[in-house]
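Trainee: So here's model.cif, just mmCIF, C-alpha atoms:
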```cif
data_protein
loop_
_atom_site.label_atom_id
_atom_site.label_comp_id
_atom_site.auth_asym_id
_atom_site.auth_seq_id
_atom_site.Cartn_x
_atom_site.Cartn_y
_atom_site.Cartn_z
CA MET A 1 0.00 0.00 0.00
CA PRO A 2 1.48 3.33 -0.90
CA VAL A 3 2.67 5.58 1.93
CA PRO A 4 0.95 8.95 1.99
CA ARG A 5 3.16 11.84 0.73
CA SER A 6 2.89 13.69 4.06
CA ARG A 7 4.50 10.78 5.94
CA VAL A 8 7.51 10.37 3.65
CA PRO A 9 10.73 11.44 5.57
CA LEU A 10 12.43 14.43 3.97
CA ARG A 11 15.94 13.40 2.86
CA LEU A 12 18.40 15.86 1.36
CA PRO A 13 21.05 14.76 -1.02
CA TYR A 14 24.55 14.34 0.49
CA VAL A 15 25.89 17.14 -1.68
CA VAL A 16 23.42 19.67 -0.34
CA CYS A 17 24.26 18.75 3.29
CA ALA A 18 27.96 19.19 2.69
CA ALA A 19 27.35 22.60 1.16
CA LEU A 20 25.36 23.73 4.18
CA LEU A 21 28.14 22.62 6.53
CA LEU A 22 30.73 24.57 4.54
CA LEU A 23 28.53 27.68 4.56
CA LEU A 24 28.18 27.55 8.34
CA ALA A 25 31.94 27.08 8.77
CA GLY A 26 32.63 30.00 6.50
CA CYS A 27 30.40 32.31 8.50
CA GLY A 28 32.10 31.23 11.71
CA SER A 29 35.51 32.25 10.41
CA GLY A 30 34.27 35.73 9.67
CA SER A 31 32.43 37.85 12.17
CA LEU A 32 31.32 35.03 14.46
CA VAL A 33 34.13 32.86 15.76
CA ASP A 34 32.78 30.98 18.75
CA MET A 35 30.30 31.03 21.49
CA ASP A 36 31.29 31.17 25.12
CA GLY A 37 29.55 29.44 27.91
CA SER A 38 26.79 32.03 27.99
CA GLY A 39 26.08 31.67 24.31
CA ALA A 40 27.61 35.06 23.43
CA THR A 41 29.64 35.43 20.27
CA THR A 42 33.09 36.98 19.91
CA LYS A 43 34.34 39.08 17.01
CA ALA A 44 37.27 38.11 14.86
CA ALA A 45 40.70 39.54 15.72
CA GLY A 46 42.89 41.35 13.18
CA ALA A 47 46.21 40.05 11.92
CA SER A 48 48.04 41.41 14.95
CA GLY A 49 45.66 39.87 17.46
CA VAL A 50 44.05 43.22 18.30
CA PRO A 51 40.26 43.30 17.82
CA GLY A 52 39.28 45.43 14.86
CA PRO A 53 40.00 45.71 11.15
CA PRO A 54 43.54 45.50 9.71
CA GLY A 55 45.47 48.82 9.79
CA ALA A 56 44.25 49.91 13.24
CA PHE A 57 46.49 51.21 16.04
CA GLY A 58 49.46 49.00 16.81
CA THR A 59 49.70 47.54 13.31
CA PRO A 60 52.42 48.18 10.74
CA GLY A 61 49.83 49.78 8.48
CA ALA A 62 49.00 52.66 10.87
CA PRO A 63 48.69 56.05 9.10
CA ALA A 64 51.82 58.24 9.15
CA GLN A 65 49.96 61.15 10.78
CA LEU A 66 49.39 58.99 13.85
CA ARG A 67 53.10 58.63 14.50
CA ALA A 68 54.92 61.14 16.73
CA ALA A 69 56.17 64.19 14.77
CA VAL A 70 59.89 65.02 15.07
CA PRO A 71 60.38 68.78 15.74
CA PRO A 72 62.87 70.59 13.48
CA ALA A 73 66.30 71.45 14.87
CA PRO A 74 66.62 75.07 16.12
CA PRO A 75 68.85 77.46 14.13
CA ARG A 76 72.56 77.28 15.04
CA GLU A 77 73.83 80.15 17.19
CA ILE A 78 77.32 81.65 17.23
CA PRO A 79 79.37 79.85 19.92
CA GLY A 80 80.29 81.88 22.98
CA LEU A 81 77.59 84.54 22.62
CA GLY A 82 74.99 84.99 25.34
CA VAL A 83 71.38 86.08 25.02
CA GLN A 84 72.12 89.81 25.47
CA THR A 85 74.89 89.83 22.88
CA ARG A 86 72.89 87.85 20.33
CA ALA A 87 69.99 90.27 20.75
CA GLN A 88 72.22 93.14 19.58
CA ILE A 89 72.91 91.51 16.20
CA PRO A 90 70.48 93.02 13.66
CA ALA A 91 67.93 90.57 12.25
CA GLY A 92 69.09 91.34 8.70
CA ALA A 93 72.79 90.74 9.38
CA ARG A 94 74.15 87.71 7.53
CA GLN A 95 77.85 88.23 8.29
CA ALA A 96 79.34 88.58 11.78
CA PHE A 97 83.05 89.07 12.42
CA VAL A 98 83.41 87.86 16.02
CA VAL A 99 86.50 89.04 17.93
CA THR A 100 86.83 87.38 21.33
CA GLY A 101 89.38 88.62 23.86
CA GLN A 102 91.11 86.22 26.22
CA SER A 103 90.18 88.30 29.29
CA PRO A 104 88.93 91.82 30.14
CA ASP A 105 92.51 93.06 30.54
CA SER A 106 94.17 91.10 27.72
CA ASN A 107 95.21 92.50 24.34
CA LEU A 108 95.19 89.07 22.66
CA SER A 109 92.08 87.94 20.77
CA THR A 110 90.74 85.39 18.31
CA ALA A 111 88.67 86.44 15.29
CA VAL A 112 86.19 84.29 13.31
CA LEU A 113 83.86 85.27 10.46
CA TYR A 114 80.38 83.70 10.63
CA THR A 115 77.70 83.74 7.95
CA ARG A 116 73.93 83.17 8.11
CA ASP A 117 72.73 82.39 4.59
CA ASP A 118 69.57 80.58 5.76
CA PRO A 119 67.91 81.89 8.97
CA ALA A 120 66.26 78.50 9.50
CA VAL A 121 69.70 76.82 9.57
CA GLY A 122 71.51 79.56 11.49
CA TRP A 123 75.15 80.64 11.70
CA ARG A 124 78.21 78.78 10.46
CA ALA A 125 81.93 79.61 10.51
CA ALA A 126 82.96 80.82 7.05
CA LEU A 127 86.68 81.19 7.81
CA THR A 128 89.08 79.51 10.21
CA PRO A 129 89.93 81.33 13.46
CA TRP A 130 92.59 84.06 13.18
CA PRO A 131 94.87 85.47 15.90
CA ALA A 132 94.24 89.16 16.56
CA HIS A 133 95.24 92.06 18.78
CA ASN A 134 93.03 94.57 20.57
CA ALA A 135 93.81 97.54 22.81
CA LEU A 136 96.75 97.50 25.24
CA SER A 137 94.63 97.46 28.41
CA GLY A 138 91.91 95.14 27.16
CA TRP A 139 88.20 95.86 26.85
CA THR A 140 85.53 98.20 28.21
CA ALA A 141 81.76 98.52 27.98
CA GLU A 142 82.14 102.34 28.09
CA HIS A 143 84.99 103.54 25.93
CA TRP A 144 86.57 106.97 26.51
CA GLU A 145 89.27 108.77 24.59
CA GLY A 146 92.75 107.62 25.68
CA ASP A 147 91.64 104.76 27.97
CA LEU A 148 93.61 102.27 25.81
CA ARG A 149 90.70 99.83 25.81
CA SER A 150 88.63 98.51 22.92
CA PRO A 151 84.85 99.05 23.09
CA VAL A 152 82.68 95.99 23.78
CA GLY A 153 79.59 95.62 21.59
CA VAL A 154 78.07 94.90 18.20
CA PHE A 155 78.84 97.46 15.51
CA THR A 156 78.09 97.63 11.80
CA LEU A 157 80.83 97.54 9.14
CA THR A 158 79.90 99.90 6.31
CA ALA A 159 83.11 101.39 4.85
CA ALA A 160 86.78 100.66 4.28
CA GLY A 161 89.90 102.44 3.08
CA GLY A 162 93.65 102.40 3.10
CA ARG A 163 96.94 103.60 1.67
CA LEU A 164 96.93 100.70 -0.81
CA ALA A 165 94.21 99.51 -3.16
CA PRO A 166 92.81 96.15 -2.03
CA PRO A 167 92.85 93.11 -4.32
CA LYS A 168 89.03 93.27 -4.26
CA THR A 169 86.24 94.50 -2.00
CA ALA A 170 82.53 95.23 -2.22
CA LEU A 171 82.71 97.81 0.59
CA PRO A 172 82.98 101.52 -0.24
CA TYR A 173 86.76 102.05 -0.23
CA ASP A 174 88.63 105.31 0.36
CA LEU A 175 92.09 105.02 -1.24
CA SER A 176 94.16 107.83 0.26
CA PRO A 177 97.78 108.64 1.23
CA ASP A 178 96.36 110.06 4.48
CA PHE A 179 96.33 106.52 5.87
CA GLN A 180 100.10 106.79 6.23
CA VAL A 181 101.35 106.05 9.77
CA GLU A 182 104.83 106.18 11.31
CA GLY A 183 106.43 105.63 14.70
CA GLU A 184 106.54 102.67 17.07
CA GLY A 185 104.01 100.62 18.95
CA PHE A 186 103.86 99.86 22.66
CA HIS A 187 106.49 97.13 22.32
CA GLY A 188 108.78 99.13 20.07
CA GLU A 189 107.46 97.51 16.87
CA PRO A 190 107.23 99.73 13.74
CA LEU A 191 103.76 100.97 12.85
CA GLU A 192 104.53 101.49 9.16
CA GLY A 193 101.93 99.79 6.96
CA SER A 194 99.35 99.31 9.71
CA PHE A 195 96.77 101.38 7.81
CA ASP A 196 97.50 100.01 4.35
CA TYR A 197 94.07 98.35 4.62
CA VAL A 198 91.38 99.23 7.17
CA VAL A 199 87.70 98.59 7.80
CA ALA A 200 85.94 101.22 9.89
CA ILE A 201 84.07 99.97 12.96
CA ASP A 202 80.91 102.04 13.37
CA TYR A 203 81.57 103.07 16.96
CA ASN A 204 80.94 106.81 17.51
CA ARG A 205 81.02 107.62 13.80
CA VAL A 206 78.66 108.20 10.89
CA PRO A 207 78.13 104.85 9.12
CA GLY A 208 79.04 104.72 5.45
CA THR A 209 81.50 107.60 5.54
CA SER A 210 85.27 107.31 4.99
CA PRO A 211 87.23 105.88 7.93
CA LEU A 212 89.04 109.25 7.91
CA ASP A 213 85.82 111.13 8.76
CA HIS A 214 86.24 112.69 12.21
CA THR A 215 82.54 113.26 13.01
CA ARG A 216 81.83 111.93 16.53
CA PRO A 217 78.08 111.70 17.30
CA LEU A 218 78.75 110.83 20.97
CA GLY A 219 81.32 113.61 21.37
CA GLN A 220 85.10 113.68 21.00
CA GLU A 221 85.60 112.58 24.61
CA ARG A 222 84.06 109.19 23.80
CA GLY A 223 86.87 108.39 21.39
CA GLY A 224 86.67 107.19 17.81
CA GLY A 225 88.73 106.05 14.86
CA ILE A 226 88.20 102.42 15.91
CA TRP A 227 89.18 100.24 12.94
CA ILE A 228 90.09 96.74 11.88
CA HIS A 229 93.56 97.17 10.41
CA VAL A 230 96.83 95.41 9.58
CA ASP A 231 98.57 93.97 12.64
CA HIS A 232 101.94 95.51 13.54
CA GLY A 233 102.90 92.80 16.02
CA GLY A 234 101.57 94.34 19.21
CA PRO A 235 98.54 95.81 21.00
CA THR A 236 96.57 98.75 19.64
CA GLN A 237 95.17 101.92 21.15
CA GLY A 238 91.59 100.72 20.67
CA CYS A 239 91.40 99.00 17.30
CA VAL A 240 91.38 95.33 16.27
CA SER A 241 94.28 94.14 14.10
CA VAL A 242 94.89 91.00 12.02
CA THR A 243 97.75 90.04 9.73
CA GLU A 244 97.98 91.62 6.28
CA ASP A 245 96.98 88.49 4.38
CA ARG A 246 93.95 88.04 6.66
CA MET A 247 93.05 91.70 6.20
CA LYS A 248 92.99 91.26 2.44
CA GLU A 249 90.89 88.13 2.82
CA LEU A 250 88.41 89.92 5.07
CA LEU A 251 88.04 92.81 2.62
CA GLY A 252 87.36 90.29 -0.12
CA VAL A 253 84.49 88.52 1.65
CA LEU A 254 82.66 91.32 3.49
CA ASP A 255 79.53 92.16 1.52
CA PRO A 256 77.39 95.26 2.22
CA ALA A 257 74.35 93.36 0.90
CA LYS A 258 74.76 90.97 3.85
CA GLU A 259 74.81 93.85 6.39
CA PRO A 260 78.05 92.76 8.11
CA VAL A 261 78.71 93.50 11.76
CA ILE A 262 81.58 93.06 14.17
CA VAL A 263 80.88 91.44 17.55
CA MET A 264 83.79 92.35 19.83
CA GLY A 265 84.73 92.03 23.47
CA ASP A 266 86.26 89.79 26.07
CA ALA A 267 84.84 86.28 26.37
CA ALA A 268 83.04 86.96 29.65
CA SER A 269 81.28 90.04 28.30
CA LEU A 270 80.22 88.35 25.06
CA SER A 271 78.78 85.37 26.94
CA ARG A 272 76.16 87.54 28.65
#
```
What's the structure tokens form of this structure?

Mentor:
Amino acid sequence: MPVPRSRVPLRLPYVVCAALLLLLAGCGSGSLVDMDGSGATTKAAGASGVPGPPGAFGTPGAPAQLRAAVPPAPPREIPGLGVQTRAQIPAGARQAFVVTGQSPDSNLSTAVLYTRDDPAVGWRAALTPWPAHNALSGWTAEHWEGDLRSPVGVFTLTAAGGRLAPPKTALPYDLSPDFQVEGEGFHGEPLEGSFDYVVAIDYNRVPGTSPLDHTRPLGQERGGGIWIHVDHGGPTQGCVSVTEDRMKELLGVLDPAKEPVIVMGDAASLSR
């Protein structure tokens, strides 16, 4: 007797059952991994084991903006200069001839030319250190006529001159026989040729005029005629001196377009 259709057991083909099992396994490997004792499901972990999609925090694929930014290096400063001295250097100056005395009462110094071509990078030494002389009795923050001390400070360099024509210079240059000098220095050394090449230091003078200009805005009693000139082998009355070959080199590199200055004084004063 035929069995009624409603009582026939429903049997699925083996292929269909296998497909269903694979589908359930595939879902479990995605968003639903397992069930804990309470029946709750857990989400899949990323490649690093941290819950969440690949590329989240802690993974090699993290965005670059999430990493710590490295601050840029500050501009280089001129060695040996303190905050007060650096503040006196004009913002537009890109050349600084730094003359550092050994002590407040010493007439022996060291001179270095620094340049600042890129303000973001800062200062760098453009020439090797040179030996130099300053005034017989050293340095002073308040120069007076005849005190035999060189003035401490930052001064512009805007004009040059001398008895001889320089090999080259971009500074206004006064070629004149009036730069002739005779006699002896404090140690008996001859002064002849000391003013063959000079650069005027703009202490108590009108910038841009000939070094021979005797105008003294602060008054004659405050001294003047402070120059960089050829060294005669001994201390000066107030000037800074370097050897003749260095003097020619300095004239060749100083550029009015770079607003050069001289920073001069004993080491202790300049460090303030």

Trainee: Kindly indicate which residue among A:Trp139, A:Phe97, A:Tyr203, A:Trp123 lies nearest to Ala268 in chain A, using only C-alpha atoms for the distances.

Mentor: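 Ranking A:Trp139, A:Phe97, A:Tyr203, A:Trp123 by distance to Ala268 in chain A, first place goes to A:Trp139.
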
Trainee: Nearest to His187 in chain A among A:Leu270, A:Met264, A:Val230, A:Leu136, with distances taken over all atoms listed in the file: which residue is it?

Mentor: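 Among the listed residues, A:Leu136 lies closest to His187 in chain A.
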
Trainee: Name the residues that the PyMOL selection byres ((chain A and resi 134) around 12) pulls out of this structure, and write them as a PDB file with C-alpha atoms, in the frame of the given file.

Mentor:
```pdb
ATOM      1  CA  VAL A  99      86.500  89.040  17.930  1.00  0.00           C
ATOM      2  CA  THR A 100      86.830  87.380  21.330  1.00  0.00           C
ATOM      3  CA  GLY A 101      89.380  88.620  23.860  1.00  0.00           C
ATOM      4  CA  GLN A 102      91.110  86.220  26.220  1.00  0.00           C
ATOM      5  CA  SER A 103      90.180  88.300  29.290  1.00  0.00           C
ATOM      6  CA  PRO A 104      88.930  91.820  30.140  1.00  0.00           C
ATOM      7  CA  ASP A 105      92.510  93.060  30.540  1.00  0.00           C
ATOM      8  CA  SER A 106      94.170  91.100  27.720  1.00  0.00           C
ATOM      9  CA  ASN A 107      95.210  92.500  24.340  1.00  0.00           C
ATOM     10  CA  LEU A 108      95.190  89.070  22.660  1.00  0.00           C
ATOM     11  CA  SER A 109      92.080  87.940  20.770  1.00  0.00           C
ATOM     12  CA  THR A 110      90.740  85.390  18.310  1.00  0.00           C
ATOM     13  CA  ALA A 111      88.670  86.440  15.290  1.00  0.00           C
ATOM     14  CA  PRO A 131      94.870  85.470  15.900  1.00  0.00           C
ATOM     15  CA  ALA A 132      94.240  89.160  16.560  1.00  0.00           C
ATOM     16  CA  HIS A 133      95.240  92.060  18.780  1.00  0.00           C
ATOM     17  CA  ALA A 135      93.810  97.540  22.810  1.00  0.00           C
ATOM     18  CA  LEU A 136      96.750  97.500  25.240  1.00  0.00           C
ATOM     19  CA  SER A 137      94.630  97.460  28.410  1.00  0.00           C
ATOM     20  CA  GLY A 138      91.910  95.140  27.160  1.00  0.00           C
ATOM     21  CA  TRP A 139      88.200  95.860  26.850  1.00  0.00           C
ATOM     22  CA  THR A 140      85.530  98.200  28.210  1.00  0.00           C
ATOM     23  CA  LEU A 148      93.610 102.270  25.810  1.00  0.00           C
ATOM     24  CA  ARG A 149      90.700  99.830  25.810  1.00  0.00           C
ATOM     25  CA  SER A 150      88.630  98.510  22.920  1.00  0.00           C
ATOM     26  CA  PRO A 151      84.850  99.050  23.090  1.00  0.00           C
ATOM     27  CA  VAL A 152      82.680  95.990  23.780  1.00  0.00           C
ATOM     28  CA  ILE A 226      88.200 102.420  15.910  1.00  0.00           C
ATOM     29  CA  TRP A 227      89.180 100.240  12.940  1.00  0.00           C
ATOM     30  CA  ILE A 228      90.090  96.740  11.880  1.00  0.00           C
ATOM     31  CA  HIS A 229      93.560  97.170  10.410  1.00  0.00           C
ATOM     32  CA  VAL A 230      96.830  95.410   9.580  1.00  0.00           C
ATOM     33  CA  ASP A 231      98.570  93.970  12.640  1.00  0.00           C
ATOM     34  CA  HIS A 232     101.940  95.510  13.540  1.00  0.00           C
ATOM     35  CA  GLY A 233     102.900  92.800  16.020  1.00  0.00           C
ATOM     36  CA  GLY A 234     101.570  94.340  19.210  1.00  0.00           C
ATOM     37  CA  PRO A 235      98.540  95.810  21.000  1.00  0.00           C
ATOM     38  CA  THR A 236      96.570  98.750  19.640  1.00  0.00           C
ATOM     39  CA  GLN A 237      95.170 101.920  21.150  1.00  0.00           C
ATOM     40  CA  GLY A 238      91.590 100.720  20.670  1.00  0.00           C
ATOM     41  CA  CYS A 239      91.400  99.000  17.300  1.00  0.00           C
ATOM     42  CA  VAL A 240      91.380  95.330  16.270  1.00  0.00           C
ATOM     43  CA  SER A 241      94.280  94.140  14.100  1.00  0.00           C
ATOM     44  CA  VAL A 242      94.890  91.000  12.020  1.00  0.00           C
ATOM     45  CA  MET A 264      83.790  92.350  19.830  1.00  0.00           C
ATOM     46  CA  GLY A 265      84.730  92.030  23.470  1.00  0.00           C
ATOM     47  CA  ASP A 266      86.260  89.790  26.070  1.00  0.00           C
TER      48      ASP A 266
END
```

Trainee: Evaluate the PyMOL selection byres ((chain A and resi 209-220) around 9) and record the selected residues as a count of residues only, following the chain and residue labels used in the document.

Mentor: 29

Trainee: Please check which residues have atoms at most 10 Å from (97.4, 91.2, 3.5) in the file's coordinates, counting only C-alpha atoms, and write them as a PyMOL selection string.

Mentor: chain A and resi 166-167+196-197+229-231+242-251

Trainee: For CA of Thr156 in chain A and CA of Glu182 in chain A, quote the distance in Å rounded to one decimal.

Mentor: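 Taking CA of Thr156 in chain A and CA of Glu182 in chain A, their separation equals 28.1 Å.
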
Trainee: Evaluating the PyMOL selection byres ((chain A and resi 254) around 8) on the displayed file yields which residues, as a tab-separated table (two decimals) with C-alpha atoms, keeping the file's coordinate frame?

Mentor:
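This is the output file part_13.tsv:
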```tsv
chain	number	residue	atom	x	y	z
A	95	GLN	CA	77.85	88.23	8.29
A	169	THR	CA	86.24	94.50	-2.00
A	170	ALA	CA	82.53	95.23	-2.22
A	171	LEU	CA	82.71	97.81	0.59
A	250	LEU	CA	88.41	89.92	5.07
A	251	LEU	CA	88.04	92.81	2.62
A	252	GLY	CA	87.36	90.29	-0.12
A	253	VAL	CA	84.49	88.52	1.65
A	255	ASP	CA	79.53	92.16	1.52
A	256	PRO	CA	77.39	95.26	2.22
A	258	LYS	CA	74.76	90.97	3.85
A	260	PRO	CA	78.05	92.76	8.11
```

Trainee: Tell me, in Å to one decimal, how far CA of Ala125 in chain A is from CA of Val112 in chain A.

Mentor: 6.9 Å

Trainee: Just the number, please: distance in Å from CA of Val263 in chain A to CA of Glu189 in chain A, one decimal.

Mentor: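 Computing it gives 27.3 Å between the two atoms.
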
Trainee: If we count only C-alpha atoms, what is near Pro74 in chain A at a cut-off of 10 Å, once residues fewer than 6 positions away on the same chain are taken out, given as an mmCIF file with C-alpha atoms, in the coordinates of the input?

Mentor:
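Saved the output as selection.cif:
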```cif
data_model
loop_
_atom_site.group_PDB
_atom_site.id
_atom_site.type_symbol
_atom_site.label_atom_id
_atom_site.label_comp_id
_atom_site.auth_asym_id
_atom_site.auth_seq_id
_atom_site.Cartn_x
_atom_site.Cartn_y
_atom_site.Cartn_z
ATOM 1 C CA PRO A 119 67.910 81.890 8.970
ATOM 2 C CA ALA A 120 66.260 78.500 9.500
ATOM 3 C CA VAL A 121 69.700 76.820 9.570
ATOM 4 C CA GLY A 122 71.510 79.560 11.490
#
```

Trainee: Select, from A:Arg124, A:Arg94, A:His143, A:Arg163, the residue with the minimum atom-to-atom distance to Glu192 in chain A, counting only C-alpha atoms.

Mentor: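 Of A:Arg124, A:Arg94, A:His143, A:Arg163, the one nearest Glu192 in chain A is A:Arg163, counting only C-alpha atoms.
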
Trainee: Please list as a VMD selection string every residue within 8 Å of Arg272 in chain A, counting all atoms listed in the file and excluding residues in the same chain fewer than 4 positions away.

Mentor: chain A and resid 81 to 85 268

Trainee: Measuring atom to atom with only C-alpha atoms, identify which of A:Glu184, A:Asp202, A:Asp117, A:Glu142 is nearest to Gly92 in chain A.

Mentor: A:Asp117
